[in-house]
Structures are given as C-alpha cells and as structure tokens.
Amino acid sequence: MTAINETSSAHSDLDSAKFLAEAYVRLQEELGKVIVGQGRVIEELLIAIFARGHCLMQGVPGLAKTLLVSTLSGAMDLSYQRIQFTPDLMPSDITGTDILQEDPETGRRRFEFQKGPIFANLLLADEINRTPPKTQAELLQAMQERQVTVGNRTLGLPEPFFVLATQNPIEQEGTYPLPEAQLDRFMFMVTVHYPSRAEELEVLKRTTGAVSEKVGRVISGAEILRLQEIVRRVPIGDHVFNFVLDVIRMTRPNEPGASDFVRHWLSWGAGPRAGQFMILAGKARALMRGQLYVTIEDIEAVAAPVLRHRLIPNFNAEAEGITVEQIIEKVLMLVPRGKGERLL
C-alpha cells in the first residue's frame, strides 16, 4: 500500500510540475495582451511568486510597473490592492484600524476592526522609499511573518500573499531608503528598463487606440499554493548546492581567500538568506521551463536579481564606475562549476 501511495504521489507531483510549466506559458500569453515586452521582468516576478517570495521593482516612472502588477493579479485571479506610499502614511493606513460603530437596533456602540489594504493576495507598495521607517517596518513585518498585529490581536494575512514594491532610482530627495536588513526581506530586486524602439512603437499604437485587451484567468490562488509546495520538492545535486554556496561566500570581502576585486570593490557581501532565495528561485525557474532538476544555468539566471540589493559597493567601486551588476558577473565567471549527474 505504501508503494502504491508513493507512486500516486509521484504522478501527482509530475502532473503539477507539468501544469506549472503550462501555466507559465499561458501567463506570458495573457500578460502579452496588455504588456509590451518586459519578458525578463515578467519571468522574474513569476519566479518569485512560485517560490513564495516578494519583489522590489526599481525603474523610472512610466514603465507600466503598476499596470503589470494589476494585470498579473487578474491573470492569477488574486485580490489586489495598491498603496501609494507618502511621507504622511501611517501604519494603520496599511493594516487597518478599529472604528466606532453604532448598532442601529440596540443603539449600542462598539469598536469594529476595518481591514486595511494589506489584507489582499497581491499588494503593490508604490514608492516604498517615500514613507518613514515606522510605516516601512509595518509592511516588512507582514512580509516576513505573513500576519499583522493590531492592538492586542494578531491577524493572519490571506494566502497566497505577495508584496511587489516599487522605488524610483532617480528622485532621492525626501525619501527614506530601506536599510539593508529590510532590503534582505525581498527575494528579488527587479530592474525595469526602457523598452526597445520597436516595443515603444507598439506601446504607442496600443495605448492610443479605442480597443483595449483584457486578460483571462489562468491560475487560482489555491493552485498557486499547491505549486509553491511542488517547487520546494524539486531535487538539487550537491554540485549545484556547492555552486550557490561558493557564489555567496565569494561576495564577502572579509571571507578568508576572498578575491582581490571583492575586497577592493565591496564593503559587504550577501548573507545566508541570499543562498536560500537563490536555490528556491532556481527550483521555480527549472519547473517553469519544464525541467525536473536544477542546473547551474538556472542559478546563474537568478543570481543578479537575488544579489543586486544585497551587495554594498564601497567608495572604490563608485570612483572607478564599477556597478553591482559588473561585480556579480565577475563573481559568476570565477566560481568553478562542479560536475554532477542530473537528478530526475
């Protein structure tokens, strides 16, 4: 009986893995009805969602970040809320507050909790660096614990729960940059760039006409929760684990044997959470591409979004015009690839 159950479970996992790969293709198609280009951004957002992580998107205004998130919520049939972060935003504006209500029948008054916008499956925290640290911390606590505390009550957030935050890399006056410990809560930092000429021409044609496309539902919240479990069960060879570990440890300037360029250009490297996120993201990417195992290529593909907000360049890097992206690329080139058999 046990062998039969294990066989049935294996078939169920394989079916779910196949469904995830098919859902990824269909999500790309549906999002493509509204969003022009941004294939890499869409892929990274979906990797984070299937790996149960949060994303910080960085890009100048007008690149359809808000439209992308709202369209994604429709294709995934998730409840969606958007919060515009401002200097006067209070923690209760996010979590909700007790409101005095009067019972029309008895005339008695009592406090009732009115839920804030954080009680949604998909929350867009727009310009998160424009609100004070106290309000930022309220959101980041919810991201980590997936619950909020209001007064003496602790309330769970709906599942699945994702935070997609944005910040503008240009305007820094009047902002409250996220500390490194809070940045570390985000699985990915996704950079959103300008579209190509052909893509921008298509944007102009689509957005100035009378017809607007609508996306169809591809996947539900319950199905996402199931797929998140499958992602964690994807096997990884020891050579991939060691590759991830080598990458993470090579970014630390105080690590014995650290490369000269790391000591010269970095003040601080990535912590253990970066390795955890890199492995989970690699698993999600593998399944999205129809693989039942994780390769070095999967890890290399997710290394930049995992690391770019965790590495702290020093003055030398700034003076020499060296970017975090260049440092990550150099680290990946120097880490040896171990040989190992593919796991099925």
# chains A, B, ... in the order shown; residues from 1 in each chain; ligands from 1
call {"tool": "residues_around", "arguments": {"residues": "Ala304 of chain A", "least_positions_apart": "4", "cutoff": "10 Å", "atoms": "only C-alpha atoms", "output": "PyMOL selection string"}}
result
chain A and resi 188-191+278+299-300+308-310+324-329+332
call {"tool": "write_last_selection", "arguments": {"atoms": "N, CA and C atoms", "output": "PDB file, in the first residue's frame"}}
result
ATOM      1  N   PHE A 188      13.847  39.190  -4.677  1.00  0.00           N
ATOM      2  CA  PHE A 188      14.434  39.767  -5.881  1.00  0.00           C
ATOM      3  C   PHE A 188      14.396  41.285  -5.835  1.00  0.00           C
ATOM      4  N   MET A 189      15.414  41.910  -6.426  1.00  0.00           N
ATOM      5  CA  MET A 189      15.273  43.285  -6.884  1.00  0.00           C
ATOM      6  C   MET A 189      15.221  43.207  -8.407  1.00  0.00           C
ATOM      7  N   VAL A 190      14.087  43.591  -8.956  1.00  0.00           N
ATOM      8  CA  VAL A 190      13.859  43.502 -10.397  1.00  0.00           C
ATOM      9  C   VAL A 190      14.051  44.887 -11.006  1.00  0.00           C
ATOM     10  N   THR A 191      14.954  45.001 -11.942  1.00  0.00           N
ATOM     11  CA  THR A 191      15.180  46.285 -12.603  1.00  0.00           C
ATOM     12  C   THR A 191      14.316  46.350 -13.862  1.00  0.00           C
ATOM     13  N   MET A 278      18.271  31.981  -3.671  1.00  0.00           N
ATOM     14  CA  MET A 278      18.825  31.584  -4.962  1.00  0.00           C
ATOM     15  C   MET A 278      18.428  30.151  -5.305  1.00  0.00           C
ATOM     16  N   ILE A 299      20.701  28.753 -11.713  1.00  0.00           N
ATOM     17  CA  ILE A 299      21.243  29.576 -10.623  1.00  0.00           C
ATOM     18  C   ILE A 299      21.854  30.860 -11.178  1.00  0.00           C
ATOM     19  N   GLU A 300      22.593  30.749 -12.275  1.00  0.00           N
ATOM     20  CA  GLU A 300      23.200  31.935 -12.878  1.00  0.00           C
ATOM     21  C   GLU A 300      22.133  32.931 -13.329  1.00  0.00           C
ATOM     22  N   ARG A 308      21.704  41.797  -6.321  1.00  0.00           N
ATOM     23  CA  ARG A 308      21.998  43.203  -6.619  1.00  0.00           C
ATOM     24  C   ARG A 308      21.618  44.150  -5.482  1.00  0.00           C
ATOM     25  N   HIS A 309      20.689  43.795  -4.602  1.00  0.00           N
ATOM     26  CA  HIS A 309      20.338  44.667  -3.483  1.00  0.00           C
ATOM     27  C   HIS A 309      20.963  44.197  -2.174  1.00  0.00           C
ATOM     28  N   ARG A 310      21.813  43.170  -2.252  1.00  0.00           N
ATOM     29  CA  ARG A 310      22.457  42.651  -1.043  1.00  0.00           C
ATOM     30  C   ARG A 310      23.950  42.946  -0.994  1.00  0.00           C
ATOM     31  N   VAL A 324      27.223  47.174  -9.430  1.00  0.00           N
ATOM     32  CA  VAL A 324      26.958  45.895  -8.765  1.00  0.00           C
ATOM     33  C   VAL A 324      26.812  44.786  -9.798  1.00  0.00           C
ATOM     34  N   GLU A 325      26.167  45.095 -10.926  1.00  0.00           N
ATOM     35  CA  GLU A 325      25.969  44.095 -11.976  1.00  0.00           C
ATOM     36  C   GLU A 325      27.316  43.562 -12.475  1.00  0.00           C
ATOM     37  N   GLN A 326      28.281  44.445 -12.629  1.00  0.00           N
ATOM     38  CA  GLN A 326      29.600  44.016 -13.104  1.00  0.00           C
ATOM     39  C   GLN A 326      30.294  43.130 -12.072  1.00  0.00           C
ATOM     40  N   ILE A 327      30.121  43.456 -10.801  1.00  0.00           N
ATOM     41  CA  ILE A 327      30.735  42.642  -9.748  1.00  0.00           C
ATOM     42  C   ILE A 327      30.102  41.254  -9.733  1.00  0.00           C
ATOM     43  N   ILE A 328      28.777  41.180  -9.848  1.00  0.00           N
ATOM     44  CA  ILE A 328      28.091  39.883  -9.861  1.00  0.00           C
ATOM     45  C   ILE A 328      28.557  39.052 -11.046  1.00  0.00           C
ATOM     46  N   GLU A 329      28.652  39.680 -12.192  1.00  0.00           N
ATOM     47  CA  GLU A 329      29.096  38.968 -13.399  1.00  0.00           C
ATOM     48  C   GLU A 329      30.499  38.404 -13.222  1.00  0.00           C
ATOM     49  N   LEU A 332      30.418  35.334 -10.870  1.00  0.00           N
ATOM     50  CA  LEU A 332      29.900  34.146 -11.543  1.00  0.00           C
ATOM     51  C   LEU A 332      30.930  33.547 -12.498  1.00  0.00           C
TER      52      LEU A 332
END
call {"tool": "residues_around", "arguments": {"residues": "segment 235-240 of chain A", "least_positions_apart": "4", "cutoff": "12 Å", "atoms": "only C-alpha atoms", "output": "PyMOL selection string"}}
result
chain A and resi 230-231+244-247+275+278-280+282-284+286-287+291-300+335-344
call {"tool": "write_last_selection", "arguments": {"atoms": "C-alpha atoms", "output": "PDB file, in the first residue's frame"}}
result
ATOM      1  CA  ILE A 230       5.915  21.376  -5.574  1.00  0.00           C
ATOM      2  CA  VAL A 231       8.697  23.927  -6.130  1.00  0.00           C
ATOM      3  CA  VAL A 244      25.413  28.537  -4.744  1.00  0.00           C
ATOM      4  CA  LEU A 245      27.473  28.425  -1.561  1.00  0.00           C
ATOM      5  CA  ASP A 246      30.650  29.405  -3.416  1.00  0.00           C
ATOM      6  CA  VAL A 247      28.900  32.345  -5.107  1.00  0.00           C
ATOM      7  CA  GLY A 275      21.613  31.426  -0.812  1.00  0.00           C
ATOM      8  CA  MET A 278      18.825  31.584  -4.962  1.00  0.00           C
ATOM      9  CA  ILE A 279      18.059  27.876  -4.534  1.00  0.00           C
ATOM     10  CA  LEU A 280      14.287  28.379  -4.310  1.00  0.00           C
ATOM     11  CA  GLY A 282      16.395  28.182  -9.254  1.00  0.00           C
ATOM     12  CA  LYS A 283      13.844  25.475  -8.470  1.00  0.00           C
ATOM     13  CA  ALA A 284      10.945  27.636  -9.636  1.00  0.00           C
ATOM     14  CA  ALA A 286      13.560  24.988 -13.612  1.00  0.00           C
ATOM     15  CA  LEU A 287       9.912  23.919 -13.329  1.00  0.00           C
ATOM     16  CA  GLN A 291      12.800  20.726 -16.102  1.00  0.00           C
ATOM     17  CA  LEU A 292      12.584  18.345 -13.165  1.00  0.00           C
ATOM     18  CA  TYR A 293      16.029  19.268 -11.857  1.00  0.00           C
ATOM     19  CA  VAL A 294      18.025  22.445 -11.208  1.00  0.00           C
ATOM     20  CA  THR A 295      21.079  23.314 -13.284  1.00  0.00           C
ATOM     21  CA  ILE A 296      23.931  25.753 -12.843  1.00  0.00           C
ATOM     22  CA  GLU A 297      22.312  27.789 -15.630  1.00  0.00           C
ATOM     23  CA  ASP A 298      19.158  28.222 -13.506  1.00  0.00           C
ATOM     24  CA  ILE A 299      21.243  29.576 -10.623  1.00  0.00           C
ATOM     25  CA  GLU A 300      23.200  31.935 -12.878  1.00  0.00           C
ATOM     26  CA  VAL A 335      33.229  30.378  -9.345  1.00  0.00           C
ATOM     27  CA  PRO A 336      34.105  26.855 -10.545  1.00  0.00           C
ATOM     28  CA  ARG A 337      31.303  24.676 -11.920  1.00  0.00           C
ATOM     29  CA  GLY A 338      31.255  21.313 -10.196  1.00  0.00           C
ATOM     30  CA  LYS A 339      30.420  18.232 -12.236  1.00  0.00           C
ATOM     31  CA  GLY A 340      27.421  16.236 -11.166  1.00  0.00           C
ATOM     32  CA  GLU A 341      24.793  13.990 -12.624  1.00  0.00           C
ATOM     33  CA  ARG A 342      21.363  15.337 -13.392  1.00  0.00           C
ATOM     34  CA  LEU A 343      18.682  14.279 -10.945  1.00  0.00           C
ATOM     35  CA  LEU A 344      15.361  13.005 -12.267  1.00  0.00           C
TER      36      LEU A 344
END
call {"tool": "closest_residue", "arguments": {"among": "A:Asp126, A:Glu223, A:Glu22, A:Glu200", "to": "Val69 of chain A", "atoms": "only C-alpha atoms"}}
result
A:Asp126
call {"tool": "select_by_dssp", "arguments": {"residues": "segment 1-173 of chain A", "states": "strand (DSSP E or B)", "output": "ChimeraX atom specification"}}
result
/A:55-58,80-84,96-102,109-115,122-126,147-150,153-156,162-167
call {"tool": "write_last_selection", "arguments": {"atoms": "N, CA and C atoms", "output": "compact mmCIF listing (two decimals), in the first residue's frame"}}
result
# COMPACT_ATOMS: atom_id res chain seq x y z
N CYS A 55 9.04 40.88 -4.19
CA CYS A 55 9.90 41.57 -5.15
C CYS A 55 9.95 43.06 -4.90
N LEU A 56 11.11 43.64 -5.13
CA LEU A 56 11.28 45.09 -5.16
C LEU A 56 11.62 45.47 -6.59
N MET A 57 10.74 46.25 -7.22
CA MET A 57 10.96 46.67 -8.61
C MET A 57 11.53 48.08 -8.64
N GLN A 58 12.59 48.25 -9.39
CA GLN A 58 13.22 49.56 -9.49
C GLN A 58 13.24 50.01 -10.95
N TYR A 80 -6.35 42.23 -5.21
CA TYR A 80 -5.24 43.17 -5.45
C TYR A 80 -5.53 44.50 -4.78
N GLN A 81 -4.49 45.06 -4.15
CA GLN A 81 -4.58 46.39 -3.55
C GLN A 81 -3.30 47.15 -3.86
N ARG A 82 -3.44 48.45 -4.02
CA ARG A 82 -2.29 49.30 -4.26
C ARG A 82 -2.24 50.38 -3.19
N ILE A 83 -1.05 50.59 -2.61
CA ILE A 83 -0.84 51.64 -1.61
C ILE A 83 0.19 52.61 -2.16
N GLN A 84 -0.17 53.87 -2.24
CA GLN A 84 0.79 54.90 -2.64
C GLN A 84 1.49 55.39 -1.38
N GLY A 96 -5.02 48.66 8.88
CA GLY A 96 -6.42 48.86 9.25
C GLY A 96 -6.52 49.40 10.67
N THR A 97 -7.73 49.70 11.09
CA THR A 97 -7.90 50.30 12.42
C THR A 97 -9.28 49.98 12.98
N ASP A 98 -9.43 50.15 14.28
CA ASP A 98 -10.74 49.97 14.94
C ASP A 98 -11.57 51.22 14.74
N ILE A 99 -12.81 51.03 14.32
CA ILE A 99 -13.74 52.14 14.09
C ILE A 99 -14.95 51.97 14.99
N LEU A 100 -15.36 53.06 15.61
CA LEU A 100 -16.52 53.02 16.50
C LEU A 100 -17.80 52.96 15.65
N GLN A 101 -18.57 51.89 15.85
CA GLN A 101 -19.80 51.68 15.10
C GLN A 101 -20.99 51.62 16.05
N GLU A 102 -22.14 52.09 15.57
CA GLU A 102 -23.36 52.05 16.39
C GLU A 102 -24.33 51.04 15.79
N ARG A 109 -22.82 51.14 21.06
CA ARG A 109 -21.63 51.41 20.27
C ARG A 109 -20.54 50.40 20.60
N ARG A 110 -19.84 50.04 19.59
CA ARG A 110 -18.73 49.11 19.79
C ARG A 110 -17.68 49.33 18.70
N PHE A 111 -16.47 48.90 19.01
CA PHE A 111 -15.39 49.04 18.04
C PHE A 111 -15.37 47.82 17.12
N GLU A 112 -15.26 48.10 15.84
CA GLU A 112 -15.12 47.03 14.85
C GLU A 112 -13.86 47.29 14.04
N PHE A 113 -13.13 46.22 13.78
CA PHE A 113 -11.89 46.35 13.03
C PHE A 113 -12.18 46.43 11.54
N GLN A 114 -11.70 47.48 10.92
CA GLN A 114 -11.83 47.63 9.48
C GLN A 114 -10.48 47.31 8.85
N LYS A 115 -10.44 46.24 8.07
CA LYS A 115 -9.18 45.78 7.49
C LYS A 115 -8.61 46.81 6.52
N LEU A 122 -2.30 40.12 -3.41
CA LEU A 122 -1.21 40.80 -4.11
C LEU A 122 -1.25 42.28 -3.76
N LEU A 123 -0.20 42.75 -3.10
CA LEU A 123 -0.14 44.14 -2.64
C LEU A 123 0.96 44.88 -3.38
N LEU A 124 0.60 45.97 -4.02
CA LEU A 124 1.59 46.83 -4.67
C LEU A 124 1.92 47.98 -3.73
N ALA A 125 3.15 48.00 -3.25
CA ALA A 125 3.63 49.09 -2.38
C ALA A 125 4.38 50.07 -3.26
N ASP A 126 3.66 51.09 -3.73
CA ASP A 126 4.20 52.01 -4.72
C ASP A 126 5.10 53.05 -4.05
N GLN A 147 1.51 38.01 8.87
CA GLN A 147 0.46 38.36 9.81
C GLN A 147 0.70 39.78 10.30
N VAL A 148 -0.34 40.41 10.84
CA VAL A 148 -0.20 41.76 11.37
C VAL A 148 -0.76 41.78 12.80
N THR A 149 -0.20 42.67 13.60
CA THR A 149 -0.67 42.83 14.98
C THR A 149 -1.33 44.18 15.10
N VAL A 150 -2.59 44.17 15.51
CA VAL A 150 -3.36 45.40 15.70
C VAL A 150 -3.88 45.39 17.13
N ARG A 153 -4.41 42.03 19.15
CA ARG A 153 -4.82 40.93 18.28
C ARG A 153 -3.80 40.72 17.17
N THR A 154 -3.58 39.46 16.83
CA THR A 154 -2.72 39.11 15.71
C THR A 154 -3.59 38.44 14.65
N LEU A 155 -3.57 39.01 13.46
CA LEU A 155 -4.43 38.53 12.39
C LEU A 155 -3.59 38.01 11.24
N GLY A 156 -3.94 36.83 10.74
CA GLY A 156 -3.24 36.24 9.62
C GLY A 156 -3.64 36.91 8.31
N PHE A 162 1.68 38.19 -1.51
CA PHE A 162 2.89 38.71 -2.13
C PHE A 162 2.92 40.23 -2.03
N VAL A 163 4.10 40.75 -1.80
CA VAL A 163 4.31 42.20 -1.85
C VAL A 163 5.23 42.50 -3.03
N LEU A 164 4.76 43.34 -3.92
CA LEU A 164 5.57 43.84 -5.02
C LEU A 164 5.74 45.34 -4.78
N ALA A 165 6.92 45.74 -4.37
CA ALA A 165 7.18 47.14 -4.04
C ALA A 165 7.95 47.80 -5.17
N THR A 166 7.76 49.11 -5.31
CA THR A 166 8.50 49.85 -6.34
C THR A 166 9.26 50.99 -5.69
N GLN A 167 10.35 51.38 -6.33
CA GLN A 167 11.04 52.59 -5.92
C GLN A 167 11.68 53.23 -7.15
call {"tool": "select_by_dssp", "arguments": {"residues": "segment 60-309 of chain A", "states": "helix (DSSP H, G or I)", "output": "number ranges by chain"}}
result
A: 65-75, 91-95, 128-130, 133-145, 180-183, 197-207, 221-232, 238-250, 260-265, 272-288, 296-307
call {"tool": "closest_residue", "arguments": {"among": "A:Glu255, A:Glu229, A:Asp184, A:Glu138", "to": "His54 of chain A", "atoms": "only C-alpha atoms"}}
result
A:Asp184
call {"tool": "closest_residue", "arguments": {"among": "A:Asn121, A:Ser16, A:Thr95, A:Thr66", "to": "Leu78 of chain A", "atoms": "only C-alpha atoms"}}
result
A:Asn121
call {"tool": "closest_residue", "arguments": {"among": "A:Arg273, A:Lys214, A:Arg185, A:Arg249", "to": "Ser70 of chain A", "atoms": "only C-alpha atoms"}}
result
A:Lys214
call {"tool": "closest_residue", "arguments": {"among": "A:Gln136, A:Asn168, A:Asn152, A:Thr131", "to": "Ala181 of chain A", "atoms": "only C-alpha atoms"}}
result
A:Gln136
call {"tool": "closest_residue", "arguments": {"among": "A:Glu127, A:Glu44, A:Glu29, A:Asp93", "to": "Gly59 of chain A", "atoms": "only C-alpha atoms"}}
result
A:Glu127
call {"tool": "atom_distance", "arguments": {"atom1": "atom CA of Met288 of chain A", "atom2": "atom CA of Arg52 of chain A"}}
result
14.2 Å
call {"tool": "decode", "arguments": {"residues": "segment 144-195 of chain A", "atoms": "C-alpha atoms", "output": "PDB file, in the first residue's frame"}}
result
ATOM      1  CA  GLN A 144       8.221  38.128   6.984  1.00  0.00           C
ATOM      2  CA  GLU A 145       5.562  36.771   9.338  1.00  0.00           C
ATOM      3  CA  ARG A 146       2.528  36.925   6.989  1.00  0.00           C
ATOM      4  CA  GLN A 147       0.461  38.360   9.808  1.00  0.00           C
ATOM      5  CA  VAL A 148      -0.203  41.757  11.375  1.00  0.00           C
ATOM      6  CA  THR A 149      -0.666  42.827  14.975  1.00  0.00           C
ATOM      7  CA  VAL A 150      -3.364  45.399  15.698  1.00  0.00           C
ATOM      8  CA  GLY A 151      -3.727  46.298  19.364  1.00  0.00           C
ATOM      9  CA  ASN A 152      -3.718  43.012  21.259  1.00  0.00           C
ATOM     10  CA  ARG A 153      -4.819  40.933  18.281  1.00  0.00           C
ATOM     11  CA  THR A 154      -2.722  39.106  15.713  1.00  0.00           C
ATOM     12  CA  LEU A 155      -4.432  38.534  12.387  1.00  0.00           C
ATOM     13  CA  GLY A 156      -3.237  36.245   9.615  1.00  0.00           C
ATOM     14  CA  LEU A 157      -2.970  37.517   6.062  1.00  0.00           C
ATOM     15  CA  PRO A 158      -4.677  35.768   3.144  1.00  0.00           C
ATOM     16  CA  GLU A 159      -2.747  33.067   1.320  1.00  0.00           C
ATOM     17  CA  PRO A 160      -1.082  33.364  -1.061  1.00  0.00           C
ATOM     18  CA  PHE A 161       0.373  36.732  -0.076  1.00  0.00           C
ATOM     19  CA  PHE A 162       2.893  38.711  -2.125  1.00  0.00           C
ATOM     20  CA  VAL A 163       4.311  42.197  -1.852  1.00  0.00           C
ATOM     21  CA  LEU A 164       5.575  43.844  -5.018  1.00  0.00           C
ATOM     22  CA  ALA A 165       7.179  47.139  -4.035  1.00  0.00           C
ATOM     23  CA  THR A 166       8.498  49.850  -6.344  1.00  0.00           C
ATOM     24  CA  GLN A 167      11.041  52.591  -5.924  1.00  0.00           C
ATOM     25  CA  ASN A 168      12.241  55.353  -8.212  1.00  0.00           C
ATOM     26  CA  PRO A 169      16.053  55.330  -8.659  1.00  0.00           C
ATOM     27  CA  ILE A 170      16.205  58.975  -9.760  1.00  0.00           C
ATOM     28  CA  GLU A 171      14.396  61.184  -7.238  1.00  0.00           C
ATOM     29  CA  GLN A 172      16.055  60.670  -3.859  1.00  0.00           C
ATOM     30  CA  GLU A 173      15.075  63.919  -2.120  1.00  0.00           C
ATOM     31  CA  GLY A 174      12.544  63.388   0.640  1.00  0.00           C
ATOM     32  CA  THR A 175      12.993  59.618   0.586  1.00  0.00           C
ATOM     33  CA  TYR A 176      13.718  57.093   3.329  1.00  0.00           C
ATOM     34  CA  PRO A 177      15.969  54.430   1.746  1.00  0.00           C
ATOM     35  CA  LEU A 178      15.309  50.925   3.002  1.00  0.00           C
ATOM     36  CA  PRO A 179      18.028  49.680   5.387  1.00  0.00           C
ATOM     37  CA  GLU A 180      19.991  46.621   4.288  1.00  0.00           C
ATOM     38  CA  ALA A 181      18.212  44.383   6.817  1.00  0.00           C
ATOM     39  CA  GLN A 182      14.853  45.343   5.305  1.00  0.00           C
ATOM     40  CA  LEU A 183      16.065  45.031   1.717  1.00  0.00           C
ATOM     41  CA  ASP A 184      17.089  41.485   2.610  1.00  0.00           C
ATOM     42  CA  ARG A 185      13.403  40.555   3.045  1.00  0.00           C
ATOM     43  CA  PHE A 186      12.870  40.853  -0.705  1.00  0.00           C
ATOM     44  CA  MET A 187      13.757  37.767  -2.710  1.00  0.00           C
ATOM     45  CA  PHE A 188      14.434  39.767  -5.881  1.00  0.00           C
ATOM     46  CA  MET A 189      15.273  43.285  -6.884  1.00  0.00           C
ATOM     47  CA  VAL A 190      13.859  43.502 -10.397  1.00  0.00           C
ATOM     48  CA  THR A 191      15.180  46.285 -12.603  1.00  0.00           C
ATOM     49  CA  VAL A 192      12.729  47.672 -15.162  1.00  0.00           C
ATOM     50  CA  HIS A 193      14.398  49.302 -18.161  1.00  0.00           C
ATOM     51  CA  TYR A 194      13.150  51.409 -21.048  1.00  0.00           C
ATOM     52  CA  PRO A 195      11.567  49.417 -23.896  1.00  0.00           C
TER      53      PRO A 195
END
